[in-house]
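Text of input34.cif (mmCIF, C-alpha atoms) as supplied:
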```cif
data_input
loop_
_atom_site.group_PDB
_atom_site.id
_atom_site.type_symbol
_atom_site.label_atom_id
_atom_site.label_comp_id
_atom_site.auth_asym_id
_atom_site.auth_seq_id
_atom_site.Cartn_x
_atom_site.Cartn_y
_atom_site.Cartn_z
ATOM 1 C CA VAL A 1 105.544 88.292 96.848
ATOM 2 C CA ALA A 2 108.883 86.915 98.011
ATOM 3 C CA ALA A 3 109.223 89.656 100.634
ATOM 4 C CA THR A 4 105.721 88.978 101.958
ATOM 5 C CA ALA A 5 106.411 85.257 102.094
ATOM 6 C CA ASP A 6 109.657 85.905 103.986
ATOM 7 C CA GLU A 7 107.814 88.180 106.387
ATOM 8 C CA LEU A 8 105.313 85.385 107.070
ATOM 9 C CA GLY A 9 108.057 82.793 107.431
ATOM 10 C CA ILE A 10 106.859 80.673 104.518
ATOM 11 C CA GLY A 11 108.048 80.083 100.973
ATOM 12 C CA ALA A 12 106.707 81.946 97.950
ATOM 13 C CA ARG A 13 105.122 78.760 96.594
ATOM 14 C CA GLN A 14 103.340 78.080 99.881
ATOM 15 C CA LEU A 15 102.086 81.684 99.948
ATOM 16 C CA HIS A 16 100.792 81.231 96.421
ATOM 17 C CA ARG A 17 99.004 77.977 97.347
ATOM 18 C CA ARG A 18 97.462 79.545 100.450
ATOM 19 C CA SER A 19 96.366 82.580 98.484
ATOM 20 C CA LEU A 20 94.739 80.373 95.844
ATOM 21 C CA ALA A 21 92.896 78.446 98.537
ATOM 22 C CA ALA A 22 91.691 81.565 100.342
ATOM 23 C CA PHE A 23 90.975 83.951 97.458
ATOM 24 C CA ALA A 24 90.923 81.787 94.291
ATOM 25 C CA TYR A 25 93.877 83.716 92.841
ATOM 26 C CA GLY A 26 97.516 84.333 93.607
ATOM 27 C CA PRO A 27 99.034 87.031 95.814
ATOM 28 C CA LYS A 28 99.981 89.326 92.925
ATOM 29 C CA THR A 29 96.396 89.349 91.666
ATOM 30 C CA LEU A 30 95.201 89.922 95.219
ATOM 31 C CA ALA A 31 97.484 92.963 95.446
ATOM 32 C CA ARG A 32 96.010 94.299 92.191
ATOM 33 C CA VAL A 33 92.446 93.758 93.444
ATOM 34 C CA LEU A 34 93.185 95.566 96.707
ATOM 35 C CA ARG A 35 94.848 98.463 94.835
ATOM 36 C CA LEU A 36 91.787 98.715 92.575
ATOM 37 C CA GLN A 37 89.481 98.746 95.611
ATOM 38 C CA ARG A 38 91.487 101.662 97.065
ATOM 39 C CA ALA A 39 91.220 103.488 93.753
ATOM 40 C CA LEU A 40 87.473 102.935 93.484
ATOM 41 C CA ALA A 41 86.945 104.286 96.989
ATOM 42 C CA LEU A 42 88.841 107.457 96.093
ATOM 43 C CA ALA A 43 87.056 107.865 92.754
ATOM 44 C CA ARG A 44 83.668 107.379 94.429
ATOM 45 C CA ALA A 45 84.633 110.104 96.902
ATOM 46 C CA GLY A 46 85.065 112.494 93.973
ATOM 47 C CA VAL A 47 88.855 112.456 93.670
ATOM 48 C CA PRO A 48 89.821 113.160 90.021
ATOM 49 C CA PHE A 49 90.864 110.016 88.145
ATOM 50 C CA ALA A 50 94.497 111.104 87.607
ATOM 51 C CA GLU A 51 94.907 111.862 91.310
ATOM 52 C CA THR A 52 93.089 108.639 92.204
ATOM 53 C CA ALA A 53 95.600 106.711 90.100
ATOM 54 C CA ALA A 54 98.603 108.383 91.716
ATOM 55 C CA ARG A 55 97.302 108.008 95.262
ATOM 56 C CA SER A 56 96.414 104.338 94.715
ATOM 57 C CA GLY A 57 99.826 103.309 93.421
ATOM 58 C CA TYR A 58 99.213 103.224 89.681
ATOM 59 C CA ALA A 59 101.882 104.520 87.317
ATOM 60 C CA ASP A 60 99.347 106.843 85.689
ATOM 61 C CA GLN A 61 95.671 107.224 84.825
ATOM 62 C CA ALA A 62 96.013 104.940 81.792
ATOM 63 C CA HIS A 63 97.348 102.158 84.048
ATOM 64 C CA LEU A 64 94.295 102.560 86.303
ATOM 65 C CA ALA A 65 92.016 102.538 83.257
ATOM 66 C CA ARG A 66 93.536 99.277 81.982
ATOM 67 C CA ASP A 67 93.076 97.558 85.350
ATOM 68 C CA VAL A 68 89.471 98.740 85.639
ATOM 69 C CA LYS A 69 88.725 97.512 82.125
ATOM 70 C CA GLU A 70 90.397 94.149 82.816
ATOM 71 C CA PHE A 71 88.664 93.509 86.140
ATOM 72 C CA ALA A 72 85.291 95.192 85.577
ATOM 73 C CA GLY A 73 84.960 94.945 81.807
ATOM 74 C CA MET A 74 84.015 98.604 81.466
ATOM 75 C CA PRO A 75 85.605 102.057 81.714
ATOM 76 C CA LEU A 76 85.969 103.664 85.149
ATOM 77 C CA GLY A 77 83.414 106.396 84.492
ATOM 78 C CA GLU A 78 80.831 103.848 83.399
ATOM 79 C CA LEU A 79 81.578 101.668 86.428
ATOM 80 C CA LEU A 80 80.980 104.648 88.681
ATOM 81 C CA GLY A 81 77.804 105.627 86.829
ATOM 82 C CA ARG A 82 79.236 108.867 85.496
ATOM 83 C CA SER A 83 78.543 110.103 82.000
ATOM 84 C CA GLY A 84 81.164 111.196 79.527
#
```

Could you spell out this file's structure in structure tokens?
Amino acid sequence: VAATADELGIGARQLHRRSLAAFAYGPKTLARVLRLQRALALARAGVPFAETAARSGYADQAHLARDVKEFAGMPLGELLGRSG
């Protein structure tokens, strides 16, 4: 967040305020949402979940699974309409 704020020529607090105004959450949450969107696009394209996690910037498949559960309230397979 600090590096992004520096890049934009504003302070971290101002970046946080602007992010809240524009997206209703802070820049770190925005980064998580964007990473999850990348992961969902890969998973929908048929990329295996472990590879999806690695290619999207997650530490592992369990990390991806936790984020999906937190944001969507359901497991990744269920979110994608896949059984078992």

Running the PyMOL selection byres ((chain A and resi 22-38) around 9) on this model by hand, what would come out? Give it as a count of residues only. 22

Find the distance between CA of Gln61 in chain A and CA of Thr4 in chain A and write it in Å to one decimal. 27.0 Å

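In terms of minimum interatomic distance to Ala53 in chain A, A:Ala65 ranks closest within A:Ala65, A:Ala5, A:Leu79, A:Ala12, counting all atoms listed in the file.
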
For range 24-37 of chain A, what centre and edge lengths in Å (one decimal) does the axis-aligned box get once 3 Å is added on each side of all its listed atoms, as JSON?
```
{"center_x": 94.7, "center_y": 90.3, "center_z": 94.2, "size_x": 16.5, "size_y": 23.0, "size_z": 11.0}
```

By how many Å are CA of Arg66 in chain A and CA of Ala2 in chain A apart? 25.4 Å

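Take CA of Glu78 in chain A and CA of His63 in chain A: the distance between them is 16.6 Å.
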
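For the residues A:Leu80, A:Ala62, A:Ala3, A:Ile10, ranking by smallest atom-to-atom distance to Gly46 in chain A using only C-alpha atoms places A:Leu80 first.
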